[in-house]
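What follows is input_27.cif (mmCIF, C-alpha atoms, pLDDT in the B column; chains and numbers go by the auth columns).
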data_query
loop_
_atom_site.group_PDB
_atom_site.id
_atom_site.type_symbol
_atom_site.label_atom_id
_atom_site.label_comp_id
_atom_site.label_asym_id
_atom_site.label_seq_id
_atom_site.Cartn_x
_atom_site.Cartn_y
_atom_site.Cartn_z
_atom_site.B_iso_or_equiv
_atom_site.auth_seq_id
_atom_site.auth_asym_id
ATOM 1 C CA ALA A 1 140.601 -160.227 -101.162 77.00 271 A
ATOM 2 C CA GLN A 2 138.125 -159.343 -98.485 85.00 272 A
ATOM 3 C CA SER A 3 138.427 -160.822 -95.015 92.00 273 A
ATOM 4 C CA VAL A 4 136.796 -160.598 -91.606 96.00 274 A
ATOM 5 C CA THR A 5 138.392 -161.013 -88.210 96.00 275 A
ATOM 6 C CA GLN A 6 136.457 -161.714 -85.061 97.00 276 A
ATOM 7 C CA PRO A 7 139.164 -161.710 -82.397 97.00 277 A
ATOM 8 C CA ASP A 8 137.060 -163.166 -79.598 96.00 278 A
ATOM 9 C CA ILE A 9 136.269 -166.845 -80.007 96.00 279 A
ATOM 10 C CA HIS A 10 134.233 -167.085 -76.817 97.00 280 A
ATOM 11 C CA ILE A 11 132.696 -164.427 -74.554 97.00 281 A
ATOM 12 C CA THR A 12 130.803 -164.915 -71.305 97.00 282 A
ATOM 13 C CA VAL A 13 128.616 -162.183 -69.871 97.00 283 A
ATOM 14 C CA SER A 14 126.100 -162.044 -67.066 97.00 284 A
ATOM 15 C CA GLU A 15 122.455 -161.551 -67.876 97.00 285 A
ATOM 16 C CA GLY A 16 121.663 -157.843 -67.808 97.00 286 A
ATOM 17 C CA ALA A 17 125.227 -156.807 -68.544 98.00 287 A
ATOM 18 C CA SER A 18 126.208 -154.927 -71.665 97.00 288 A
ATOM 19 C CA LEU A 19 127.795 -156.674 -74.628 97.00 289 A
ATOM 20 C CA GLU A 20 130.216 -155.711 -77.361 98.00 290 A
ATOM 21 C CA LEU A 21 131.389 -158.175 -80.001 98.00 291 A
ATOM 22 C CA ARG A 22 134.294 -157.071 -82.129 98.00 292 A
ATOM 23 C CA CYS A 23 134.597 -157.307 -85.885 98.00 293 A
ATOM 24 C CA ASN A 24 137.349 -156.006 -88.142 97.00 294 A
ATOM 25 C CA TYR A 25 137.229 -156.266 -91.901 95.00 295 A
ATOM 26 C CA SER A 26 139.524 -155.875 -94.831 91.00 296 A
ATOM 27 C CA TYR A 27 138.039 -154.575 -98.075 84.00 297 A
ATOM 28 C CA GLY A 28 139.233 -152.195 -100.751 76.00 298 A
ATOM 29 C CA ALA A 29 136.209 -149.919 -100.732 78.00 299 A
ATOM 30 C CA THR A 30 133.184 -149.233 -98.569 76.00 300 A
ATOM 31 C CA PRO A 31 131.792 -152.647 -97.884 84.00 301 A
ATOM 32 C CA TYR A 32 128.417 -154.088 -97.161 88.00 302 A
ATOM 33 C CA LEU A 33 128.567 -155.271 -93.531 92.00 303 A
ATOM 34 C CA PHE A 34 126.348 -157.713 -91.723 94.00 304 A
ATOM 35 C CA TRP A 35 125.880 -159.402 -88.380 97.00 305 A
ATOM 36 C CA TYR A 36 124.195 -162.790 -88.196 96.00 306 A
ATOM 37 C CA VAL A 37 123.255 -164.964 -85.226 97.00 307 A
ATOM 38 C CA GLN A 38 123.169 -168.758 -85.250 94.00 308 A
ATOM 39 C CA SER A 39 121.604 -170.979 -82.622 91.00 309 A
ATOM 40 C CA PRO A 40 122.933 -174.546 -82.316 84.00 310 A
ATOM 41 C CA GLY A 41 122.051 -176.698 -85.320 78.00 311 A
ATOM 42 C CA GLN A 42 120.229 -173.860 -87.030 81.00 312 A
ATOM 43 C CA GLY A 43 120.742 -171.553 -89.964 85.00 313 A
ATOM 44 C CA LEU A 44 121.773 -167.943 -89.652 92.00 314 A
ATOM 45 C CA GLN A 45 119.433 -165.079 -88.848 93.00 315 A
ATOM 46 C CA LEU A 46 120.224 -161.548 -89.971 93.00 316 A
ATOM 47 C CA LEU A 47 120.544 -159.149 -87.026 96.00 317 A
ATOM 48 C CA LEU A 48 121.437 -155.984 -88.921 95.00 318 A
ATOM 49 C CA LYS A 49 123.225 -154.654 -91.966 92.00 319 A
ATOM 50 C CA TYR A 50 125.130 -151.568 -93.058 92.00 320 A
ATOM 51 C CA PHE A 51 125.196 -150.375 -96.642 86.00 321 A
ATOM 52 C CA SER A 52 125.612 -146.587 -96.410 84.00 322 A
ATOM 53 C CA GLY A 53 124.420 -143.542 -94.514 87.00 323 A
ATOM 54 C CA ASP A 54 124.173 -143.402 -90.746 89.00 324 A
ATOM 55 C CA THR A 55 127.089 -145.329 -89.296 92.00 325 A
ATOM 56 C CA LEU A 56 125.076 -146.492 -86.287 96.00 326 A
ATOM 57 C CA VAL A 57 122.598 -149.124 -87.378 96.00 327 A
ATOM 58 C CA GLN A 58 119.815 -150.641 -85.352 97.00 328 A
ATOM 59 C CA GLY A 59 118.834 -154.255 -85.680 96.00 329 A
ATOM 60 C CA ILE A 60 116.464 -156.780 -84.272 95.00 330 A
ATOM 61 C CA LYS A 61 116.420 -158.050 -80.694 94.00 331 A
ATOM 62 C CA GLY A 62 117.818 -154.756 -79.363 96.00 332 A
ATOM 63 C CA PHE A 63 121.191 -155.044 -81.118 98.00 333 A
ATOM 64 C CA GLU A 64 123.050 -152.194 -82.753 98.00 334 A
ATOM 65 C CA ALA A 65 126.359 -151.869 -84.571 98.00 335 A
ATOM 66 C CA GLU A 66 128.614 -148.980 -85.465 97.00 336 A
ATOM 67 C CA PHE A 67 130.634 -148.729 -88.665 95.00 337 A
ATOM 68 C CA LYS A 68 133.981 -147.026 -88.123 94.00 338 A
ATOM 69 C CA ARG A 69 135.818 -146.600 -91.403 92.00 339 A
ATOM 70 C CA SER A 70 139.016 -145.336 -89.757 92.00 340 A
ATOM 71 C CA GLN A 71 139.263 -148.514 -87.681 94.00 341 A
ATOM 72 C CA SER A 72 137.824 -150.897 -90.295 93.00 342 A
ATOM 73 C CA SER A 73 135.480 -152.079 -87.594 96.00 343 A
ATOM 74 C CA PHE A 74 131.823 -152.973 -87.273 97.00 344 A
ATOM 75 C CA ASN A 75 131.299 -153.893 -83.631 98.00 345 A
ATOM 76 C CA LEU A 76 128.020 -155.278 -82.373 98.00 346 A
ATOM 77 C CA ARG A 77 126.543 -154.000 -79.119 98.00 347 A
ATOM 78 C CA LYS A 78 123.625 -154.630 -76.828 98.00 348 A
ATOM 79 C CA PRO A 79 123.019 -152.632 -73.634 97.00 349 A
ATOM 80 C CA SER A 80 121.473 -155.478 -71.637 97.00 350 A
ATOM 81 C CA VAL A 81 121.926 -159.112 -72.542 98.00 351 A
ATOM 82 C CA HIS A 82 119.186 -161.704 -72.056 96.00 352 A
ATOM 83 C CA TRP A 83 119.807 -165.415 -71.477 96.00 353 A
ATOM 84 C CA SER A 84 118.164 -166.121 -74.851 95.00 354 A
ATOM 85 C CA ASP A 85 120.966 -164.204 -76.590 97.00 355 A
ATOM 86 C CA ALA A 86 123.347 -167.114 -76.007 97.00 356 A
ATOM 87 C CA ALA A 87 124.354 -168.207 -79.518 97.00 357 A
ATOM 88 C CA GLU A 88 127.111 -167.886 -82.120 97.00 358 A
ATOM 89 C CA TYR A 89 127.503 -164.493 -83.757 98.00 359 A
ATOM 90 C CA PHE A 90 129.025 -163.984 -87.184 97.00 360 A
ATOM 91 C CA CYS A 91 130.199 -160.797 -88.804 97.00 361 A
ATOM 92 C CA ALA A 92 130.300 -160.759 -92.604 94.00 362 A
ATOM 93 C CA VAL A 93 131.430 -158.454 -95.379 92.00 363 A
ATOM 94 C CA GLY A 94 129.753 -158.407 -98.765 87.00 364 A
ATOM 95 C CA GLU A 95 131.210 -157.524 -102.122 78.00 365 A
ATOM 96 C CA ARG A 96 129.820 -154.487 -103.865 68.00 366 A
ATOM 97 C CA THR A 97 129.639 -155.917 -107.357 64.00 367 A
ATOM 98 C CA GLY A 98 126.958 -155.714 -109.958 57.00 368 A
ATOM 99 C CA THR A 99 126.330 -159.422 -110.195 56.00 369 A
ATOM 100 C CA ALA A 100 126.865 -160.947 -106.804 59.00 370 A
ATOM 101 C CA SER A 101 126.561 -160.284 -103.155 70.00 371 A
ATOM 102 C CA LYS A 102 128.917 -162.982 -101.973 83.00 372 A
ATOM 103 C CA LEU A 103 129.560 -162.818 -98.250 89.00 373 A
ATOM 104 C CA THR A 104 132.807 -163.520 -96.462 92.00 374 A
ATOM 105 C CA PHE A 105 132.238 -164.513 -92.851 95.00 375 A
ATOM 106 C CA GLY A 106 134.402 -164.325 -89.787 96.00 376 A
ATOM 107 C CA THR A 107 134.989 -167.399 -87.667 96.00 377 A
ATOM 108 C CA GLY A 108 132.338 -166.367 -85.172 97.00 378 A
ATOM 109 C CA THR A 109 132.096 -165.472 -81.492 98.00 379 A
ATOM 110 C CA ARG A 110 130.282 -167.823 -79.172 97.00 380 A
ATOM 111 C CA LEU A 111 128.324 -165.927 -76.531 97.00 381 A
ATOM 112 C CA GLN A 112 127.548 -167.569 -73.222 97.00 382 A
ATOM 113 C CA VAL A 113 125.167 -165.850 -70.809 97.00 383 A
ATOM 114 C CA THR A 114 125.298 -166.635 -67.126 96.00 384 A
ATOM 115 C CA LEU A 115 122.309 -166.115 -64.888 91.00 385 A
ATOM 116 C CA ASP B 1 106.628 -166.095 -96.956 53.00 52 B
ATOM 117 C CA THR B 2 107.571 -169.543 -95.701 72.00 53 B
ATOM 118 C CA GLY B 3 111.289 -168.871 -95.576 91.00 54 B
ATOM 119 C CA VAL B 4 114.079 -170.871 -97.158 95.00 55 B
ATOM 120 C CA SER B 5 113.497 -174.603 -96.872 96.00 56 B
ATOM 121 C CA GLN B 6 116.252 -177.225 -96.997 97.00 57 B
ATOM 122 C CA ASN B 7 115.889 -180.968 -97.174 97.00 58 B
ATOM 123 C CA PRO B 8 116.932 -183.223 -95.678 97.00 59 B
ATOM 124 C CA ARG B 9 117.932 -181.703 -92.341 95.00 60 B
ATOM 125 C CA HIS B 10 120.407 -184.467 -91.668 96.00 61 B
ATOM 126 C CA LYS B 11 122.129 -186.961 -93.927 97.00 62 B
ATOM 127 C CA ILE B 12 124.488 -189.744 -92.928 98.00 63 B
ATOM 128 C CA THR B 13 126.215 -191.491 -95.797 98.00 64 B
ATOM 129 C CA LYS B 14 129.044 -193.894 -96.331 98.00 65 B
ATOM 130 C CA ARG B 15 132.228 -192.677 -97.944 97.00 66 B
ATOM 131 C CA GLY B 16 132.044 -193.010 -101.699 98.00 67 B
ATOM 132 C CA GLN B 17 128.288 -192.638 -101.954 98.00 68 B
ATOM 133 C CA ASN B 18 126.547 -189.797 -103.785 98.00 69 B
ATOM 134 C CA VAL B 19 124.231 -187.413 -101.966 98.00 70 B
ATOM 135 C CA THR B 20 121.844 -184.711 -103.124 98.00 71 B
ATOM 136 C CA PHE B 21 120.413 -181.824 -101.137 97.00 72 B
ATOM 137 C CA ARG B 22 117.493 -179.618 -102.046 98.00 73 B
ATOM 138 C CA CYS B 23 116.856 -175.947 -101.345 98.00 74 B
ATOM 139 C CA ASP B 24 113.577 -174.103 -101.882 97.00 75 B
ATOM 140 C CA PRO B 25 114.174 -170.351 -101.674 96.00 76 B
ATOM 141 C CA ILE B 26 111.674 -167.632 -100.894 93.00 77 B
ATOM 142 C CA SER B 27 109.465 -167.505 -103.963 90.00 78 B
ATOM 143 C CA GLU B 28 110.169 -163.934 -105.087 87.00 79 B
ATOM 144 C CA HIS B 29 113.932 -164.208 -104.571 90.00 80 B
ATOM 145 C CA ASN B 30 115.848 -164.543 -107.822 90.00 81 B
ATOM 146 C CA ARG B 31 119.256 -165.083 -106.221 91.00 82 B
ATOM 147 C CA LEU B 32 120.216 -168.314 -104.517 94.00 83 B
ATOM 148 C CA TYR B 33 123.462 -169.179 -102.721 95.00 84 B
ATOM 149 C CA TRP B 34 125.083 -172.295 -101.319 96.00 85 B
ATOM 150 C CA TYR B 35 127.519 -172.105 -98.416 96.00 86 B
ATOM 151 C CA ARG B 36 129.376 -174.747 -96.445 96.00 87 B
ATOM 152 C CA GLN B 37 130.064 -174.480 -92.740 95.00 88 B
ATOM 153 C CA THR B 38 132.457 -176.764 -90.887 94.00 89 B
ATOM 154 C CA LEU B 39 132.635 -177.043 -87.129 89.00 90 B
ATOM 155 C CA GLY B 40 133.936 -173.912 -85.471 87.00 91 B
ATOM 156 C CA GLN B 41 134.059 -171.921 -88.679 91.00 92 B
ATOM 157 C CA GLY B 42 131.962 -169.362 -90.421 93.00 93 B
ATOM 158 C CA PRO B 43 130.108 -170.276 -93.606 94.00 94 B
ATOM 159 C CA GLU B 44 132.174 -170.369 -96.810 95.00 95 B
ATOM 160 C CA PHE B 45 130.757 -169.438 -100.179 93.00 96 B
ATOM 161 C CA LEU B 46 130.328 -172.295 -102.660 95.00 97 B
ATOM 162 C CA THR B 47 128.207 -171.049 -105.530 94.00 98 B
ATOM 163 C CA TYR B 48 125.569 -168.566 -106.592 91.00 99 B
ATOM 164 C CA PHE B 49 122.629 -168.505 -109.015 93.00 100 B
ATOM 165 C CA GLN B 50 120.730 -165.626 -110.483 90.00 101 B
ATOM 166 C CA ASN B 51 117.518 -167.183 -111.721 91.00 102 B
ATOM 167 C CA GLU B 52 118.641 -170.404 -113.441 93.00 103 B
ATOM 168 C CA ALA B 53 122.132 -169.199 -114.321 92.00 104 B
ATOM 169 C CA GLN B 54 125.043 -170.301 -112.162 92.00 105 B
ATOM 170 C CA LEU B 55 127.150 -167.146 -112.165 88.00 106 B
ATOM 171 C CA GLU B 56 129.962 -167.924 -109.766 87.00 107 B
ATOM 172 C CA LYS B 57 131.635 -170.965 -108.255 90.00 108 B
ATOM 173 C CA SER B 58 134.203 -171.066 -105.504 89.00 109 B
ATOM 174 C CA ARG B 59 137.448 -172.986 -105.816 87.00 110 B
ATOM 175 C CA LEU B 60 136.101 -174.953 -102.857 82.00 111 B
ATOM 176 C CA LEU B 61 133.626 -176.510 -105.259 85.00 112 B
ATOM 177 C CA SER B 62 135.613 -179.444 -106.602 89.00 113 B
ATOM 178 C CA ASP B 63 134.527 -181.401 -109.657 93.00 114 B
ATOM 179 C CA ARG B 64 132.707 -183.820 -107.334 96.00 115 B
ATOM 180 C CA PHE B 65 130.240 -181.043 -106.515 96.00 116 B
ATOM 181 C CA SER B 66 127.527 -179.899 -108.870 96.00 117 B
ATOM 182 C CA ALA B 67 124.665 -177.497 -108.319 96.00 118 B
ATOM 183 C CA GLU B 68 121.640 -176.806 -110.448 96.00 119 B
ATOM 184 C CA ARG B 69 118.673 -174.517 -110.440 96.00 120 B
ATOM 185 C CA PRO B 70 116.803 -175.758 -113.505 91.00 121 B
ATOM 186 C CA LYS B 71 113.759 -173.497 -113.518 87.00 122 B
ATOM 187 C CA GLY B 72 115.055 -170.640 -111.426 86.00 123 B
ATOM 188 C CA SER B 73 113.135 -171.859 -108.416 91.00 124 B
ATOM 189 C CA PHE B 74 114.491 -174.690 -106.231 96.00 125 B
ATOM 190 C CA SER B 75 118.114 -175.758 -106.359 97.00 126 B
ATOM 191 C CA THR B 76 119.950 -179.028 -105.801 98.00 127 B
ATOM 192 C CA LEU B 77 123.500 -179.602 -104.646 98.00 128 B
ATOM 193 C CA GLU B 78 124.980 -182.993 -105.443 97.00 129 B
ATOM 194 C CA ILE B 79 128.188 -184.411 -104.043 97.00 130 B
ATOM 195 C CA GLN B 80 129.590 -187.446 -105.824 97.00 131 B
ATOM 196 C CA ARG B 81 131.946 -189.978 -104.262 97.00 132 B
ATOM 197 C CA THR B 82 131.680 -188.382 -100.836 98.00 133 B
ATOM 198 C CA GLU B 83 134.760 -188.097 -98.638 97.00 134 B
ATOM 199 C CA GLN B 84 135.001 -187.636 -94.892 96.00 135 B
ATOM 200 C CA GLY B 85 136.178 -184.089 -95.467 95.00 136 B
ATOM 201 C CA ASP B 86 132.782 -183.297 -96.994 97.00 137 B
ATOM 202 C CA SER B 87 131.166 -183.617 -93.569 97.00 138 B
ATOM 203 C CA ALA B 88 129.731 -180.176 -92.857 96.00 139 B
ATOM 204 C CA MET B 89 126.576 -178.124 -92.669 95.00 140 B
ATOM 205 C CA TYR B 90 125.418 -177.083 -96.133 97.00 141 B
ATOM 206 C CA LEU B 91 123.501 -173.833 -96.030 96.00 142 B
ATOM 207 C CA CYS B 92 121.289 -172.353 -98.684 96.00 143 B
ATOM 208 C CA ALA B 93 120.308 -168.694 -98.787 95.00 144 B
ATOM 209 C CA SER B 94 118.347 -166.433 -101.069 93.00 145 B
ATOM 210 C CA ASN B 95 117.719 -162.757 -101.663 89.00 146 B
ATOM 211 C CA ARG B 96 116.072 -160.459 -104.138 84.00 147 B
ATOM 212 C CA ASP B 97 119.129 -158.480 -105.156 73.00 148 B
ATOM 213 C CA SER B 98 122.462 -157.419 -103.755 62.00 149 B
ATOM 214 C CA ASN B 99 120.970 -154.653 -101.641 64.00 150 B
ATOM 215 C CA TYR B 100 119.446 -157.068 -99.183 68.00 151 B
ATOM 216 C CA GLY B 101 120.849 -159.424 -96.650 77.00 152 B
ATOM 217 C CA TYR B 102 120.323 -163.099 -97.216 86.00 153 B
ATOM 218 C CA THR B 103 117.624 -165.258 -95.728 90.00 154 B
ATOM 219 C CA PHE B 104 119.253 -168.535 -94.759 93.00 155 B
ATOM 220 C CA GLY B 105 117.678 -171.933 -94.495 95.00 156 B
ATOM 221 C CA SER B 106 118.270 -174.186 -91.493 93.00 157 B
ATOM 222 C CA GLY B 107 120.851 -176.187 -93.404 95.00 158 B
ATOM 223 C CA THR B 108 121.536 -179.820 -94.197 96.00 159 B
ATOM 224 C CA ARG B 109 124.059 -181.484 -91.912 96.00 160 B
ATOM 225 C CA LEU B 110 126.069 -184.093 -93.801 97.00 161 B
ATOM 226 C CA THR B 111 128.041 -186.750 -91.977 97.00 162 B
ATOM 227 C CA VAL B 112 130.260 -189.021 -94.057 98.00 163 B
ATOM 228 C CA VAL B 113 131.262 -192.204 -92.233 97.00 164 B
#

Go through the file and emit its structure as structure tokens.
Amino acid sequence: AQSVTQPDIHITVSEGASLELRCNYSYGATPYLFWYVQSPGQGLQLLLKYFSGDTLVQGIKGFEAEFKRSQSSFNLRKPSVHWSDAAEYFCAVGERTGTASKLTFGTGTRLQVTL
Amino acid sequence: DTGVSQNPRHKITKRGQNVTFRCDPISEHNRLYWYRQTLGQGPEFLTYFQNEAQLEKSRLLSDRFSAERPKGSFSTLEIQRTEQGDSAMYLCASNRDSNYGYTFGSGTRLTVV
């Protein structure tokens, strides 16, 4: 069964500092990989996704993520964090099946940004 | 494109009552998903529709839960005889096919008292 591990429950960074959120997955083949962001009381917004091809993917809001097959990782990065980036971030892996694209999510990393 | 709409946003109900939530997906999306998110956790898959057909259900979906998508457009999720453990955020999402990420709605927060 597929699974996702986000080892950091809570991260605090200063505004303007760089950010890296870790994500490790378990899946039998090349997975679909996603990062979502959730503000308090809201639904999830897709930041970026990886399906195939270039292992460095660019997303919205200046985020990027790199797929590393050898490490089963898909870490999210941003060179300079803004106070508005404070939110919960979820990594997810999707099944590559013909009938479904069910996602399995990690438990999330809560990002706090200090001014 | 008005996004995925979920109603109500919040629902407080007494234990043992039935509740029903509605999800209106993006109009051209043929796939619709329900997820449940409890505090401090990531969303967990409940069920999935392709058009009006319910193609997969999680073991999390007990027999008190039922979901429908009668005309392949909006969907409803009903919980019968609610329990306190049903308190959660219920998220709906849709997409066009498996090559796209979901668009999520803002969710319905259920509190069972």

Please list as an MDAnalysis selection string every residue within 7 Å of Leu97 in chain B, counting only C-alpha atoms and excluding residues in the same chain fewer than 2 positions away. chainID B and resid 85:87 95 108:109 111:112

Give the answer as one residue: which of A:Phe360, A:Tyr306, A:Tyr295, A:Phe344 has the shortest atom-to-atom distance to Ile330 in chain A, using all atoms listed in the file?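 Counting all atoms listed in the file, the residue closest to Ile330 in chain A is A:Tyr306.
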
Which residues of range 297-358 of chain A come within 12 Å of range 375-379 of chain A, and for each one, what is the closest pair of atoms and their distance in Å to one decimal, counting all atoms listed in the file, sorted by chain and residue number, as CSV?
residue,atom,partner,partner_atom,distance
A:Tyr302,CA,A:Phe375,CA,11.9
A:Leu303,CA,A:Phe375,CA,10.0
A:Phe304,CA,A:Phe375,CA,9.1
A:Trp305,CA,A:Phe375,CA,9.3
A:Tyr306,CA,A:Gly378,CA,9.4
A:Val307,CA,A:Gly378,CA,9.2
A:Gln308,CA,A:Gly378,CA,9.5
A:Ser309,CA,A:Thr379,CA,11.9
A:Leu314,CA,A:Phe375,CA,11.5
A:Phe344,CA,A:Gly376,CA,11.9
A:Asn345,CA,A:Thr379,CA,11.8
A:Leu346,CA,A:Thr379,CA,11.0
A:Ala356,CA,A:Thr379,CA,10.5
A:Ala357,CA,A:Thr379,CA,8.4
A:Glu358,CA,A:Thr379,CA,5.6

Any idea what's packed within 12 Å of Val164 in chain B, counting all atoms listed in the file, ignoring anything in its chain fewer than 2 positions away? Could you give it as a list in words?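 Counting only the stated atoms, we get Lys62, Ile63, Thr64, Lys65, Arg66, Gly67, Gln68, Thr133, Glu134, Gln135, Gly136, Asp137, Ser138, Leu161 and Thr162 of chain B.
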
Around range 108-123 of chain B, with edges along x, y and z and 8 Å added on all six sides, what centre and edge lengths do you get, in Å to one decimal, as lines of an AutoDock Vina configuration file?
center_x = 125.6
center_y = -177.2
center_z = -108.2
size_x = 39.7
size_y = 29.2
size_z = 26.7

With distances taken over only C-alpha atoms, which residue among B:Leu142, B:Arg132, B:Asp114, B:Gln57 lies nearest Tyr99 in chain B?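 Answer, going by the shortest atom-to-atom distance: B:Leu142.
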
Which chain B residues have any atom within 7 Å of an atom of chain A, and for each, what is the nearest pair of atoms with distance in Å to one decimal, counting all atoms listed in the file, rows sorted by chain and number, as CSV?
residue,atom,partner,partner_atom,distance
B:Gly91,CA,A:Thr377,CA,7.0
B:Gln92,CA,A:Thr377,CA,4.7
B:Gly93,CA,A:Thr377,CA,4.5
B:Pro94,CA,A:Phe375,CA,6.2
B:Glu95,CA,A:Thr374,CA,6.9
B:Phe96,CA,A:Lys372,CA,6.9
B:Ser149,CA,A:Ser371,CA,5.0
B:Phe155,CA,A:Leu314,CA,5.7
B:Gly156,CA,A:Gly313,CA,5.5
B:Ser157,CA,A:Gly313,CA,3.9
B:Gly158,CA,A:Gly313,CA,5.8

If the PyMOL selection byres ((chain A and resi 385) around 6) is run on the structure shown, which residues does it catch, given as a short mmCIF file (atom, residue, chain, number, x, y, z; two decimals) with C-alpha atoms, keeping the file's coordinate frame?
data_model
loop_
_atom_site.label_atom_id
_atom_site.label_comp_id
_atom_site.auth_asym_id
_atom_site.auth_seq_id
_atom_site.Cartn_x
_atom_site.Cartn_y
_atom_site.Cartn_z
CA SER A 284 126.10 -162.04 -67.07
CA GLU A 285 122.46 -161.55 -67.88
CA THR A 384 125.30 -166.64 -67.13
#

Output check: residues returned by the PyMOL selection byres ((chain A and resi 292) around 8), as an NGL selection string: :A and (276-278 or 290-291 or 293-294 or 343-346)

The PyMOL selection byres ((chain A and resi 272) around 7) on the file shown: which residues, as number ranges by chain? A: 271, 273, 296-297

Around (124.5, -151.9, -77.2), as given in the file, which residues come within 10 Å? Count only C-alpha atoms and list them as a VMD selection string. chain A and resid 287 to 291 328 332 to 336 345 to 351

Hey, what's within 6 Å of range 117-125 of chain B if we count all atoms listed in the file and toss same-chain stuff fewer than 4 positions away? As a ChimeraX atom specification, please? /B:74-75,102-103,129

Please write the residues from the selection above to a file, keeping C-alpha atoms, as a JSON list (two decimals), in the coordinates of the input.
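As a result, part_8.json now contains:
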[["chain", "number", "residue", "atom", "x", "y", "z"],
["B", 74, "CYS", "CA", 116.86, -175.95, -101.34],
["B", 75, "ASP", "CA", 113.58, -174.10, -101.88],
["B", 102, "ASN", "CA", 117.52, -167.18, -111.72],
["B", 103, "GLU", "CA", 118.64, -170.40, -113.44],
["B", 129, "GLU", "CA", 124.98, -182.99, -105.44]]
